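Printed here is structure_17.cif (mmCIF, C-alpha atoms):
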```
data_run
#
loop_
_atom_site.label_atom_id
_atom_site.label_comp_id
_atom_site.auth_asym_id
_atom_site.auth_seq_id
_atom_site.Cartn_x
_atom_site.Cartn_y
_atom_site.Cartn_z
CA MET A 628 80.21 -11.84 74.10
CA THR A 629 81.17 -15.45 74.51
CA ARG A 630 83.47 -17.44 72.30
CA ARG A 631 80.56 -19.39 70.99
CA ASN A 632 78.85 -16.22 69.86
CA TYR A 633 81.99 -15.03 67.98
CA LYS A 634 82.05 -18.32 66.15
CA LYS A 635 78.42 -17.89 65.09
CA LEU A 636 79.05 -14.35 63.89
CA PHE A 637 82.07 -15.49 61.93
CA LEU A 638 80.14 -18.29 60.28
CA PHE A 639 77.32 -15.88 59.41
CA ALA A 640 79.81 -13.47 57.81
CA VAL A 641 81.31 -16.30 55.81
CA LEU A 642 77.81 -17.36 54.70
CA VAL A 643 76.96 -13.84 53.61
CA MET A 644 80.19 -13.50 51.68
CA LEU A 645 79.61 -16.90 50.09
CA VAL A 646 76.15 -15.92 49.02
CA VAL A 647 77.43 -12.63 47.64
CA VAL A 648 80.03 -14.54 45.66
CA VAL A 649 77.38 -16.97 44.42
CA ILE A 650 75.15 -14.03 43.45
CA ARG A 651 78.01 -12.56 41.48
CA LEU A 652 78.84 -15.89 39.89
CA THR A 653 75.22 -16.55 38.84
CA ALA A 654 74.69 -13.15 37.24
CA LEU A 655 72.99 -13.04 33.84
CA ASN A 656 76.20 -12.71 31.91
CA ARG A 657 77.62 -16.06 33.00
CA ASP A 658 78.15 -18.84 30.45
CA GLY A 659 75.86 -21.59 31.74
CA LEU A 660 73.97 -23.13 34.58
CA THR A 661 75.64 -25.20 37.26
CA PRO A 662 74.85 -28.92 37.16
CA MET A 663 72.87 -28.56 40.35
CA GLU A 664 70.74 -25.76 38.97
CA SER A 665 70.13 -27.77 35.82
CA ALA A 666 69.10 -30.79 37.83
CA VAL A 667 66.66 -28.81 39.96
CA LYS A 668 65.16 -27.01 36.95
CA ASP A 669 64.81 -30.13 34.85
CA GLY A 670 63.45 -32.15 37.74
CA LEU A 671 60.77 -29.62 38.60
CA ALA A 672 59.80 -28.73 35.02
CA PRO A 673 57.04 -31.40 34.56
CA ALA A 674 55.49 -30.61 37.93
CA GLN A 675 55.62 -26.93 37.11
CA GLN A 676 53.95 -27.58 33.79
CA LEU A 677 51.14 -29.55 35.40
CA THR A 678 50.63 -26.98 38.11
CA VAL A 679 50.55 -24.10 35.70
CA ASN A 680 48.05 -25.90 33.43
CA PHE A 681 45.85 -26.68 36.39
CA ALA A 682 46.03 -23.08 37.51
CA TRP A 683 45.00 -21.89 34.05
CA ASP A 684 42.09 -24.32 33.99
CA VAL A 685 40.86 -23.15 37.35
CA ARG A 686 41.21 -19.54 36.33
CA GLU A 687 39.35 -20.07 33.07
CA THR A 688 36.56 -21.98 34.77
CA PHE A 689 36.04 -19.26 37.31
CA SER A 690 36.26 -16.58 34.70
CA SER A 691 33.65 -18.41 32.53
CA ILE A 692 31.28 -18.70 35.46
CA LEU A 693 31.72 -15.03 36.17
CA LYS A 694 31.25 -14.16 32.50
CA LEU A 695 28.10 -16.32 32.09
CA GLY A 696 25.85 -13.71 33.60
CA ASN A 697 27.30 -11.07 31.30
CA LEU A 698 26.98 -13.37 28.27
CA MET A 699 23.32 -13.95 28.94
CA ASP A 700 22.78 -10.22 29.09
CA GLU A 701 24.79 -9.75 25.92
CA ASN A 702 22.84 -12.51 24.18
CA LYS A 703 19.56 -10.89 25.16
CA LYS A 704 20.75 -7.52 23.89
CA LEU A 705 21.93 -9.00 20.59
CA LYS A 706 18.67 -10.86 20.09
CA GLU A 707 16.74 -7.66 20.69
CA GLU A 708 19.01 -5.88 18.23
CA ILE A 709 18.42 -8.59 15.61
CA ARG A 710 14.66 -8.31 16.12
CA VAL A 711 14.76 -4.52 15.66
CA LEU A 712 16.99 -4.82 12.59
CA LYS A 713 14.77 -7.49 11.07
CA SER A 714 11.69 -5.36 11.53
CA LYS A 715 13.54 -2.39 10.00
CA LEU A 716 14.56 -4.59 7.09
CA ASN A 717 10.96 -5.69 6.56
CA GLN A 718 9.82 -2.10 6.68
CA LEU A 719 12.45 -1.13 4.11
CA GLU A 720 11.33 -4.00 1.89
CA GLN A 721 7.73 -2.72 2.21
CA TYR A 722 8.85 0.80 1.30
CA LYS A 723 10.76 -0.58 -1.66
CA LEU A 724 7.69 -2.43 -2.96
CA GLN A 725 5.44 0.55 -2.30
CA ASN A 726 7.92 2.80 -4.05
CA SER A 727 8.02 0.64 -7.14
CA ARG A 728 4.21 0.34 -7.16
CA LEU A 729 3.74 4.09 -6.85
CA LYS A 730 6.42 4.74 -9.46
CA GLU A 731 4.55 2.45 -11.84
CA LEU A 732 1.31 4.35 -11.16
CA LEU A 733 3.07 7.69 -11.67
CA ASP A 734 4.58 6.52 -14.96
CA TYR A 735 1.14 5.41 -16.13
CA ARG A 736 -0.39 8.72 -15.10
CA GLU A 737 2.22 10.62 -17.06
CA PHE A 738 1.92 8.28 -20.01
CA THR A 739 -1.86 8.80 -20.22
CA ALA A 740 -1.84 12.48 -19.25
CA ASP A 741 -3.08 13.56 -22.70
CA LYS A 742 -5.87 10.96 -22.74
CA TYR A 743 -7.41 10.80 -19.25
CA GLN A 744 -7.60 12.72 -16.04
CA LEU A 745 -6.88 10.20 -13.30
CA MET A 746 -7.43 10.14 -9.54
CA THR A 747 -5.61 7.64 -7.34
CA ALA A 748 -7.60 5.60 -4.82
CA ALA A 749 -6.80 2.78 -2.42
CA VAL A 750 -8.78 -0.47 -2.11
CA ILE A 751 -10.28 -0.64 1.39
CA GLY A 752 -12.76 -3.50 1.10
CA ARG A 753 -13.97 -6.41 -0.98
CA ASP A 754 -17.17 -8.33 -1.55
CA PRO A 755 -17.40 -11.03 1.15
CA GLY A 756 -18.81 -13.65 -1.23
CA ASN A 757 -17.44 -15.74 -4.08
CA TRP A 758 -19.96 -14.99 -6.81
CA PHE A 759 -19.80 -11.24 -7.14
CA GLY A 760 -16.68 -9.14 -7.58
CA THR A 761 -16.79 -5.68 -6.08
CA ILE A 762 -14.20 -3.58 -4.30
CA THR A 763 -14.60 -0.49 -2.13
CA LEU A 764 -12.33 2.52 -2.68
CA ASN A 765 -11.39 5.28 -0.24
CA ARG A 766 -12.65 8.06 -2.53
CA GLY A 767 -16.22 9.27 -2.78
CA GLU A 768 -18.55 12.08 -3.67
CA ALA A 769 -16.46 14.55 -1.64
CA ASP A 770 -13.49 13.82 -3.95
CA GLY A 771 -15.56 14.26 -7.10
CA VAL A 772 -16.17 10.58 -7.84
CA GLN A 773 -19.36 9.86 -9.74
CA LYS A 774 -21.26 6.76 -10.70
CA ASP A 775 -20.16 5.05 -13.95
CA MET A 776 -16.60 6.38 -13.86
CA ALA A 777 -14.14 3.78 -15.16
CA VAL A 778 -11.42 2.37 -12.92
CA VAL A 779 -8.05 1.32 -14.35
CA VAL A 780 -4.53 0.28 -13.34
CA PRO A 781 -1.37 0.26 -15.51
CA GLU A 782 -1.97 -3.44 -16.29
CA GLY A 783 -5.46 -2.83 -17.65
CA LEU A 784 -9.16 -2.32 -17.00
CA VAL A 785 -10.49 -2.91 -13.47
CA GLY A 786 -14.18 -1.97 -13.63
CA ARG A 787 -16.58 0.90 -13.08
CA VAL A 788 -18.00 2.80 -10.14
CA VAL A 789 -21.55 1.60 -9.35
CA ALA A 790 -22.29 3.31 -6.05
CA VAL A 791 -20.82 6.37 -4.32
CA SER A 792 -21.05 7.50 -0.71
CA LYS A 793 -19.49 10.67 0.64
CA HIS A 794 -16.08 9.10 1.20
CA THR A 795 -16.20 5.69 -0.53
CA ALA A 796 -16.96 4.30 -3.95
CA GLU A 797 -18.03 0.78 -4.84
CA VAL A 798 -16.48 -0.61 -7.99
CA LEU A 799 -17.96 -3.43 -10.05
CA LEU A 800 -15.02 -5.50 -11.32
CA VAL A 801 -15.01 -6.75 -14.89
CA THR A 802 -14.96 -10.31 -13.45
CA ASP A 803 -18.36 -9.79 -11.78
CA PRO A 804 -21.14 -11.68 -13.61
CA ARG A 805 -23.20 -8.44 -13.63
CA SER A 806 -20.52 -6.57 -15.59
CA GLY A 807 -20.49 -6.01 -19.35
CA VAL A 808 -17.81 -4.10 -21.28
CA GLY A 809 -17.84 -3.25 -24.96
CA ALA A 810 -14.59 -4.71 -26.33
CA VAL A 811 -12.70 -5.54 -29.51
CA VAL A 812 -10.02 -8.09 -30.34
CA GLN A 813 -7.05 -5.78 -30.97
CA GLU A 814 -5.64 -7.69 -33.95
CA SER A 815 -8.81 -8.15 -36.00
CA GLN A 816 -10.93 -5.35 -34.47
CA MET A 817 -13.73 -7.93 -34.04
CA PRO A 818 -16.30 -6.48 -31.63
CA GLY A 819 -17.91 -8.29 -28.73
CA VAL A 820 -18.85 -7.88 -25.10
CA ILE A 821 -16.65 -8.82 -22.14
CA GLU A 822 -18.81 -10.41 -19.49
CA GLY A 823 -17.78 -11.54 -16.02
CA MET A 824 -18.24 -15.08 -14.79
CA ALA A 825 -18.25 -16.09 -11.12
CA ASN A 826 -15.74 -13.71 -9.56
CA SER A 827 -13.71 -16.44 -7.82
CA THR A 828 -12.62 -17.87 -11.20
CA GLY A 829 -10.75 -14.64 -12.03
CA LEU A 830 -11.71 -15.14 -15.70
CA VAL A 831 -14.01 -13.27 -18.09
CA ARG A 832 -15.55 -14.26 -21.40
CA MET A 833 -16.08 -12.37 -24.62
CA ILE A 834 -19.54 -13.00 -26.04
CA HIS A 835 -21.34 -12.01 -29.24
CA LEU A 836 -18.25 -12.55 -31.39
CA PRO A 837 -19.19 -13.29 -35.01
CA LYS A 838 -18.98 -17.03 -35.69
CA ASP A 839 -16.48 -16.59 -38.53
CA ALA A 840 -14.22 -14.20 -36.56
CA PRO A 841 -10.59 -15.42 -36.58
CA ILE A 842 -10.17 -15.76 -32.81
CA LYS A 843 -6.93 -17.38 -31.61
CA ALA A 844 -5.40 -17.98 -28.20
CA GLY A 845 -3.02 -15.20 -27.17
CA GLN A 846 -4.85 -12.39 -28.97
CA VAL A 847 -5.24 -9.22 -26.91
CA VAL A 848 -8.68 -7.81 -26.10
CA ILE A 849 -9.13 -4.07 -25.46
CA SER A 850 -12.11 -1.92 -24.57
CA SER A 851 -13.95 -0.44 -27.56
CA GLY A 852 -15.45 2.59 -25.86
CA VAL A 853 -18.93 1.57 -27.02
CA GLY A 854 -21.49 2.34 -24.34
CA GLY A 855 -19.73 5.49 -23.21
CA ILE A 856 -18.71 4.28 -19.75
CA TYR A 857 -15.29 2.79 -20.40
CA PRO A 858 -12.68 4.73 -22.39
CA SER A 859 -11.56 3.00 -25.60
CA GLY A 860 -8.22 1.24 -26.00
CA VAL A 861 -7.74 0.07 -22.41
CA ARG A 862 -6.21 -3.39 -22.25
CA ILE A 863 -8.48 -6.08 -20.79
CA GLY A 864 -6.85 -9.49 -21.27
CA THR A 865 -5.72 -12.26 -23.61
CA VAL A 866 -7.83 -14.92 -25.29
CA ILE A 867 -7.33 -18.42 -23.84
CA LYS A 868 -9.73 -20.36 -26.06
CA SER A 869 -12.93 -19.89 -28.04
CA GLU A 870 -15.91 -22.06 -28.92
CA ASN A 871 -19.12 -21.74 -30.91
CA ASP A 872 -22.32 -20.88 -29.08
CA PRO A 873 -25.00 -23.58 -29.03
CA GLY A 874 -27.26 -21.19 -30.96
CA GLY A 875 -24.81 -21.28 -33.85
CA LEU A 876 -24.69 -17.55 -34.63
CA PHE A 877 -21.87 -16.41 -32.38
CA GLN A 878 -18.76 -17.68 -30.70
CA THR A 879 -17.60 -17.10 -27.14
CA ALA A 880 -13.98 -16.66 -26.08
CA GLU A 881 -12.57 -17.24 -22.61
CA VAL A 882 -10.30 -14.32 -21.67
CA LYS A 883 -7.68 -14.08 -18.91
CA PRO A 884 -7.55 -10.50 -17.59
CA PHE A 885 -4.19 -8.69 -17.39
CA VAL A 886 -5.12 -7.41 -13.94
CA ASP A 887 -4.67 -9.69 -10.93
CA PHE A 888 -7.79 -8.60 -9.03
CA ARG A 889 -6.77 -10.39 -5.85
CA THR A 890 -3.68 -8.23 -5.35
CA LEU A 891 -5.19 -4.83 -6.20
CA ARG A 892 -4.13 -2.15 -3.71
CA ASP A 893 -4.06 1.17 -5.55
CA VAL A 894 -6.15 2.04 -8.60
CA PHE A 895 -6.97 5.02 -10.82
CA ILE A 896 -10.46 6.41 -11.21
CA VAL A 897 -10.86 7.98 -14.66
CA THR A 898 -12.49 11.28 -13.81
CA ASN A 899 -12.30 12.74 -17.31
CA VAL A 900 -11.56 11.45 -20.79
CA TYR A 901 -10.09 14.01 -23.19
CA LYS A 902 -11.66 13.74 -26.62
CA PRO A 903 -9.20 14.29 -29.47
CA LYS A 904 -10.06 17.27 -31.62
CA VAL A 905 -11.08 16.02 -35.02
CA ASN A 906 -11.90 18.43 -37.83
CA LEU A 907 -14.35 16.59 -40.00
CA PRO A 908 -14.32 17.71 -43.63
CA LEU A 909 -17.53 19.56 -44.25
CA GLU A 910 -19.21 19.43 -47.59
CA GLY A 911 -17.99 22.23 -49.81
CA ASN A 912 -14.88 22.91 -47.74
CA GLU A 913 -11.56 22.99 -49.49
CA MET B 269 -26.91 -10.75 25.87
CA ARG B 270 -26.82 -13.96 23.86
CA THR B 271 -28.40 -12.25 20.84
CA VAL B 272 -25.89 -9.41 21.00
CA LEU B 273 -23.05 -11.90 21.20
CA LEU B 274 -24.39 -13.87 18.26
CA PHE B 275 -24.73 -10.68 16.23
CA MET B 276 -21.14 -9.75 17.08
CA ILE B 277 -19.88 -13.18 16.03
CA PHE B 278 -21.68 -12.79 12.69
CA ALA B 279 -20.23 -9.29 12.23
CA VAL B 280 -16.69 -10.50 12.98
CA ALA B 281 -17.15 -13.46 10.60
CA LEU B 282 -18.31 -11.09 7.88
CA VAL B 283 -15.39 -8.72 8.33
CA LEU B 284 -12.89 -11.62 8.34
CA GLN B 285 -14.47 -12.98 5.19
CA ALA B 286 -14.24 -9.63 3.41
CA THR B 287 -10.67 -8.91 4.44
CA ILE B 288 -8.26 -11.56 5.76
CA PHE B 289 -9.77 -14.58 4.02
CA ASP B 290 -9.29 -12.83 0.70
CA PHE B 291 -5.60 -13.72 1.14
CA PHE B 292 -6.35 -17.33 2.11
CA ARG B 293 -8.20 -18.53 -0.93
CA ILE B 294 -8.21 -22.26 -1.67
CA PHE B 295 -9.07 -23.32 -5.25
CA GLY B 296 -9.72 -19.60 -5.87
CA VAL B 297 -12.50 -19.34 -3.27
CA LYS B 298 -12.80 -18.03 0.26
CA PRO B 299 -14.99 -19.70 2.88
CA ASP B 300 -18.52 -18.53 3.65
CA LEU B 301 -18.11 -18.06 7.40
CA VAL B 302 -21.56 -16.57 7.98
CA LEU B 303 -23.14 -19.54 6.21
CA LEU B 304 -20.98 -21.88 8.28
CA LEU B 305 -22.20 -20.31 11.55
CA VAL B 306 -25.82 -20.52 10.35
CA ILE B 307 -25.35 -24.22 9.61
CA PHE B 308 -23.80 -24.86 13.05
CA TYR B 309 -26.69 -23.02 14.65
CA GLY B 310 -29.34 -24.88 12.66
CA PHE B 311 -27.69 -28.25 13.34
CA ILE B 312 -27.61 -27.61 17.10
CA TYR B 313 -30.99 -25.89 17.60
CA GLY B 314 -33.15 -27.21 14.75
CA SER B 315 -34.69 -26.08 11.45
CA LYS B 316 -36.85 -23.26 12.76
CA GLU B 317 -34.01 -21.57 14.64
CA GLY B 318 -31.58 -22.26 11.80
CA ALA B 319 -33.86 -20.69 9.21
CA PHE B 320 -34.48 -17.64 11.43
CA VAL B 321 -30.80 -17.01 12.20
CA GLY B 322 -29.91 -17.77 8.57
CA PHE B 323 -32.33 -15.13 7.35
CA LEU B 324 -30.98 -12.49 9.74
CA GLY B 325 -27.32 -13.40 9.09
CA GLY B 326 -27.93 -13.34 5.34
CA LEU B 327 -29.65 -9.98 5.59
CA LEU B 328 -26.59 -8.61 7.38
CA VAL B 329 -24.41 -9.75 4.44
CA ASP B 330 -26.90 -8.28 1.96
CA PHE B 331 -26.80 -4.92 3.70
CA LEU B 332 -23.02 -4.89 3.56
CA THR B 333 -22.87 -5.74 -0.14
CA GLY B 334 -25.74 -3.37 -0.92
CA HIS B 335 -27.13 -4.95 -4.09
CA TYR B 336 -29.68 -7.70 -4.68
CA ILE B 337 -30.78 -7.51 -1.05
CA GLY B 338 -32.41 -10.80 -0.09
CA VAL B 339 -30.23 -13.21 -2.09
CA ASN B 340 -28.04 -13.99 0.92
CA ALA B 341 -30.98 -13.87 3.35
CA LEU B 342 -32.94 -16.50 1.41
CA SER B 343 -30.01 -18.78 0.59
CA LYS B 344 -28.70 -18.77 4.15
CA MET B 345 -32.21 -19.32 5.49
CA ALA B 346 -32.47 -22.40 3.29
CA ALA B 347 -29.08 -23.67 4.51
CA GLY B 348 -30.03 -23.11 8.17
CA PHE B 349 -33.30 -24.97 7.65
CA PHE B 350 -31.54 -27.81 5.83
CA ALA B 351 -28.90 -28.21 8.56
CA GLY B 352 -31.64 -28.19 11.20
CA LEU B 353 -33.23 -31.28 9.66
CA GLY B 354 -30.37 -33.29 11.15
CA GLU B 355 -30.83 -31.91 14.66
CA THR B 356 -32.78 -34.84 16.09
CA LYS B 357 -31.55 -37.53 13.70
CA LEU B 358 -27.78 -37.15 13.85
CA TYR B 359 -25.14 -37.12 16.60
CA LYS B 360 -24.43 -33.44 17.20
CA GLU B 361 -21.40 -34.23 19.36
CA ASN B 362 -19.50 -35.82 16.49
CA VAL B 363 -17.32 -33.36 14.59
CA PHE B 364 -17.13 -35.58 11.49
CA ILE B 365 -20.91 -35.73 11.19
CA ALA B 366 -20.96 -31.95 11.67
CA THR B 367 -18.40 -31.66 8.84
CA ILE B 368 -20.63 -33.64 6.48
CA VAL B 369 -23.63 -31.51 7.51
CA SER B 370 -21.56 -28.35 6.92
CA MET B 371 -20.45 -29.46 3.48
CA THR B 372 -23.92 -30.48 2.29
CA GLY B 373 -25.52 -27.45 3.97
CA THR B 374 -23.00 -25.12 2.26
CA ALA B 375 -23.62 -26.80 -1.08
CA ALA B 376 -27.39 -26.43 -0.56
CA GLY B 377 -27.10 -22.76 0.43
CA GLN B 378 -24.78 -21.94 -2.47
CA SER B 379 -27.05 -23.79 -4.91
CA VAL B 380 -30.05 -21.75 -3.76
CA TYR B 381 -27.87 -18.64 -4.20
CA TYR B 382 -27.03 -19.73 -7.76
CA LEU B 383 -30.72 -20.29 -8.57
CA LEU B 384 -31.63 -16.89 -7.16
CA LEU B 385 -28.95 -15.27 -9.35
CA LEU B 386 -30.46 -16.99 -12.37
CA ALA B 387 -33.88 -15.72 -11.31
CA ALA B 388 -32.42 -12.21 -11.06
CA GLY B 389 -31.16 -12.52 -14.63
CA ILE B 390 -27.49 -13.12 -13.84
CA LYS B 391 -26.38 -16.00 -15.99
CA ILE B 392 -23.42 -18.05 -14.79
CA PRO B 393 -22.59 -21.31 -16.60
CA PHE B 394 -23.86 -24.25 -14.52
CA PHE B 395 -20.68 -26.35 -14.47
CA LEU B 396 -18.55 -23.30 -13.73
CA GLY B 397 -20.78 -22.42 -10.80
CA LEU B 398 -20.78 -26.00 -9.55
CA PHE B 399 -17.09 -26.84 -9.89
CA GLN B 400 -15.53 -23.44 -9.34
CA VAL B 401 -17.72 -22.08 -6.56
CA ILE B 402 -20.26 -24.44 -4.95
CA ILE B 403 -18.03 -27.51 -4.43
CA PRO B 404 -14.82 -25.60 -3.49
CA VAL B 405 -16.71 -23.44 -0.93
CA ALA B 406 -18.37 -26.58 0.51
CA LEU B 407 -14.94 -28.23 0.89
CA TYR B 408 -13.40 -25.12 2.46
CA ASN B 409 -16.29 -24.79 4.93
CA GLY B 410 -15.96 -28.52 5.72
CA LEU B 411 -12.27 -28.00 6.48
CA LEU B 412 -13.04 -25.09 8.81
CA THR B 413 -15.73 -27.14 10.57
CA LEU B 414 -13.04 -29.51 11.83
CA VAL B 415 -11.37 -26.55 13.53
CA LEU B 416 -14.36 -24.46 14.66
CA TYR B 417 -17.28 -26.79 15.36
CA GLY B 418 -16.11 -28.21 18.72
CA ARG B 419 -15.68 -24.74 20.19
CA PHE B 420 -19.07 -23.54 18.88
CA TYR B 421 -20.81 -26.70 20.15
CA ARG B 422 -19.33 -26.37 23.64
CA SER B 423 -20.30 -22.67 23.79
CA SER B 424 -23.83 -23.51 22.67
CA THR B 425 -24.37 -26.38 25.09
CA SER B 426 -22.54 -25.26 28.20
CA GLY B 427 -20.87 -21.91 27.45
CA ILE B 428 -21.77 -18.32 26.70
CA LEU B 429 -24.02 -19.16 23.73
CA LYS B 430 -26.24 -21.55 25.72
CA MET B 431 -29.94 -20.93 25.17
CA ARG B 432 -31.97 -20.14 28.29
CA GLU B 433 -34.34 -22.94 29.35
CA ILE B 434 -37.98 -21.92 29.21
#
```

So that I can check it, write out the structure of this file as C-alpha cells.
Amino acid sequence: MTRRNYKKLFLFAVLVMLVVVVIRLTALNRDGLTPMESAVKDGLAPAQQLTVNFAWDVRETFSSILKLGNLMDENKKLKEEIRVLKSKLNQLEQYKLQNSRLKELLDYREFTADKYQLMTAAVIGRDPGNWFGTITLNRGEADGVQKDMAVVVPEGLVGRVVAVSKHTAEVLLVTDPRSGVGAVVQESQMPGVIEGMANSTGLVRMIHLPKDAPIKAGQVVISSGVGGIYPSGVRIGTVIKSENDPGGLFQTAEVKPFVDFRTLRDVFIVTNVYKPKVNLPLEGNE
Amino acid sequence: MRTVLLFMIFAVALVLQATIFDFFRIFGVKPDLVLLLVIFYGFIYGSKEGAFVGFLGGLLVDFLTGHYIGVNALSKMAAGFFAGLGETKLYKENVFIATIVSMTGTAAGQSVYYLLLLAAGIKIPFFLGLFQVIIPVALYNGLLTLVLYGRFYRSSTSGILKMREI
C-alpha cells in the first residue's frame, strides 16, 4: 500500500466518524435545527409545495380518467335501479287505489247485505258513440246474470242489464236517452221519472214532476222501485235546476248523478232483492 | 287485400273509440273515428264510394252496439255521400280544406243520426244535441283531421290503400 493510499483511508475514516458524530448530533432528541438545515428546508419549501400540488393534480386527473369508465357503469346501474323502483312505486300506488276501491265495494256489500244479493263485475267495454250510454260487464248468463237486473255502485244507481251473452252483460246506463227510472225526490217524496239525455253530457233529467212540487237545487233524488226493475231507495243524484214544461202540467228537473260514469271500473249486479216481511193486519184480527 | 286492410282500419278505429278515447274526451265527447275515415274516403274517392263505405262502416258499428241496427249505417252513409260531393270541386291535397270537409261532414252525419233517433222515438232536446254532441264531435274530428288526413291521403294516392286502376 502506498503512502497516498494510507492518506485516503485515513480521510475516509475521519469522514465516517464525522458523519457518525453528525448522525448522533442530529438525533430526534436534539434541541433545534442547525442554521444550515433551516436554510435548506426553508429555501426548498415553496418548490416542494408546488411539486407536491402538481403531483396531486396529476394523480387526481389520472385517477378520474380511470374512474370515468366505472362511473358510467355505475350511473347506468343506478338509472336502471331508479326505473325499477319507480315502476314498483307505481304498482304499489295502483294496488293502494285498487285496495281502497275494493274495500269500498266490500263495505257497501256488507252494508246492504240484508237488502240485496250482489255480484261484483268489471267494466270491459263501452258504447263507441256519444249519444247512447252502455257498458259491457264481464259477467253473463253462466254467472246467473239475467236481463233487467239492476246495476249499482256505492255512490248510487248505474243502470240495468239489457242484453246477456254467456260471459258478458250489456248495461244501459241511466244517462242513456233510452233509459227511464221511477224515482222520487227524497225530501218531498214527489214522484217522477229519471230519463237520460245524450250520454256525453253525463246528466239526467227528472220528468213528470207535478207543477206545484217544491223542487229546489241540491235535493236528492232516489229510485222509487216503481216498475219493478230497480230496487227502491238507491241514490241517483242531486237536483241542479228545474223548469216548467211547455205543456204547463208538469215540471222537469235537471239532475246530476252521484256516479261518475266515465270512471266506472267495478260494479255490483243486484241478483236478488230481499223483500221485508210485513204482516198486514187482516180484518178481524186482534 | 285493400278491402281487408280497410276493414281492419275500421275495426281498429272502432276499438280505439270504445276504449282509449273514452279517457280522452274533449267537451265531454269522444271523436267518431269511423265517421272520420268514411269522410276521408268519400272526399278522396267521391260520393258513391263514400256512401258505400259509410254504409258498411256504420253497419260494423251497429253490430258492435247491438241495438237500433241501421242508425249508424244510414248516418255514416249520408256523411260519406256528403263528403264525396267535394271530391271534384275542392283541393283534396289541402289539409285545411279536408278539415273543413271533416267538420261539416261530421256535423251532417251526426245530425242525420239525431233525426233517426227522433224517428225511433228517442227524444233528445235539440239544443242539447246540437251544442253538447254534434258541434263538439265535429270540432274534435276536425282537430284529428289535421293529424291524420295527410297520412290517409298519401296511402290512398300512392300507398297501400291506392285503388287499382281499371

Check which residues of chain B sit at most 8 Å from chain A using all atoms listed in the file, and return one row each with the closest pair of atoms and their distance in Å to one decimal, ordered by chain and rising number, as a Markdown table.
```
| residue | atom | partner | partner_atom | distance |
| --- | --- | --- | --- | --- |
| B:Leu282 | CA | A:Pro755 | CA | 6.8 |
| B:Val283 | CA | A:Pro755 | CA | 7.8 |
| B:Gln285 | CA | A:Pro755 | CA | 5.4 |
| B:Ala286 | CA | A:Pro755 | CA | 4.1 |
| B:Thr287 | CA | A:Gly752 | CA | 6.7 |
| B:Asp290 | CA | A:Arg889 | CA | 7.4 |
| B:Phe291 | CA | A:Arg889 | CA | 7.8 |
| B:Gly296 | CA | A:Ser827 | CA | 5.5 |
| B:Val297 | CA | A:Ser827 | CA | 5.5 |
| B:Lys298 | CA | A:Asn757 | CA | 6.8 |
| B:Asp300 | CA | A:Gly756 | CA | 6.9 |
| B:Val329 | CA | A:Pro755 | CA | 7.8 |
| B:Thr333 | CA | A:Asp754 | CA | 6.4 |
| B:Ile390 | CA | A:Arg805 | CA | 6.4 |
| B:Lys391 | CA | A:Pro804 | CA | 7.2 |
| B:Ile392 | CA | A:Met824 | CA | 6.0 |
| B:Pro393 | CA | A:Met824 | CA | 7.8 |
| B:Leu396 | CA | A:Ala825 | CA | 7.7 |
| B:Gly397 | CA | A:Ala825 | CA | 6.8 |
| B:Gln400 | CA | A:Thr828 | CA | 6.6 |
| B:Val401 | CA | A:Asn757 | CA | 6.8 |
```

**Message:** Just checking: using all atoms listed in the file, which residue out of B:Tyr309, B:Phe295, B:Phe399, B:Tyr381 ends up closest to Lys430 of chain B?
**Reply:** B:Tyr309

**Message:** Please expand the PyMOL selection byres ((chain B and resi 360-367) around 9) into the concrete residues it hits in this file, giving the result as a list in words.
**Reply:** Phe308, Phe311, Ile312, Gly354, Glu355, Thr356, Lys357, Leu358, Tyr359, Ile368, Val369, Ser370, Met371, Thr372, Asn409, Gly410, Leu411, Leu412, Thr413, Leu414, Tyr417, Gly418 and Tyr421 of chain B

**Prompt:** In Å, with one decimal, what is the gap from atom CA of Arg832 of chain A to atom CA of Ile403 of chain B?
**Reply:** 21.7 Å

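Between atom CA of Ala375 of chain B and atom CA of Pro404 of chain B lies a distance of 9.2 Å.
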
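Remark: for Gln846 of chain A, the closest of the candidate residues A:Ile834, A:Val779, A:Ala880, A:Ile650 is A:Ala880 (distances computed over only C-alpha atoms).
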
**Asked** Any idea what the distance is between atom CA of Asn871 of chain A and atom CA of Gly783 of chain A?
**Response** 26.8 Å

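Among the candidates A:Val685, A:Val882, A:Val897, A:Val866, the residue lying nearest to Ile842 of chain A is A:Val866 (atoms considered: only C-alpha atoms).
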
**Message:** Around (-18.8, -8.4, -21.0), as given in the file, which residues come within 8 Å? Count all atoms listed in the file and list them as a count of residues only.
**Reply:** 15

Applied to this file, what does the PyMOL selection byres ((chain B and resi 310) around 12) return in terms of residues, put as a compact mmCIF listing (two decimals) with C-alpha atoms, keeping the file's coordinate frame?
```txt
# COMPACT_ATOMS: atom_id res chain seq x y z
CA LEU B 303 -23.14 -19.54 6.21
CA LEU B 304 -20.98 -21.88 8.28
CA LEU B 305 -22.20 -20.31 11.55
CA VAL B 306 -25.82 -20.52 10.35
CA ILE B 307 -25.35 -24.22 9.61
CA PHE B 308 -23.80 -24.86 13.05
CA TYR B 309 -26.69 -23.02 14.65
CA PHE B 311 -27.69 -28.25 13.34
CA ILE B 312 -27.61 -27.61 17.10
CA TYR B 313 -30.99 -25.89 17.60
CA GLY B 314 -33.15 -27.21 14.75
CA SER B 315 -34.69 -26.08 11.45
CA LYS B 316 -36.85 -23.26 12.76
CA GLU B 317 -34.01 -21.57 14.64
CA GLY B 318 -31.58 -22.26 11.80
CA ALA B 319 -33.86 -20.69 9.21
CA PHE B 320 -34.48 -17.64 11.43
CA VAL B 321 -30.80 -17.01 12.20
CA GLY B 322 -29.91 -17.77 8.57
CA PHE B 323 -32.33 -15.13 7.35
CA LYS B 344 -28.70 -18.77 4.15
CA MET B 345 -32.21 -19.32 5.49
CA ALA B 346 -32.47 -22.40 3.29
CA ALA B 347 -29.08 -23.67 4.51
CA GLY B 348 -30.03 -23.11 8.17
CA PHE B 349 -33.30 -24.97 7.65
CA PHE B 350 -31.54 -27.81 5.83
CA ALA B 351 -28.90 -28.21 8.56
CA GLY B 352 -31.64 -28.19 11.20
CA LEU B 353 -33.23 -31.28 9.66
CA GLY B 354 -30.37 -33.29 11.15
CA GLU B 355 -30.83 -31.91 14.66
CA THR B 356 -32.78 -34.84 16.09
CA LYS B 360 -24.43 -33.44 17.20
CA ALA B 366 -20.96 -31.95 11.67
CA VAL B 369 -23.63 -31.51 7.51
CA SER B 370 -21.56 -28.35 6.92
CA GLY B 373 -25.52 -27.45 3.97
CA TYR B 421 -20.81 -26.70 20.15
CA SER B 424 -23.83 -23.51 22.67
```
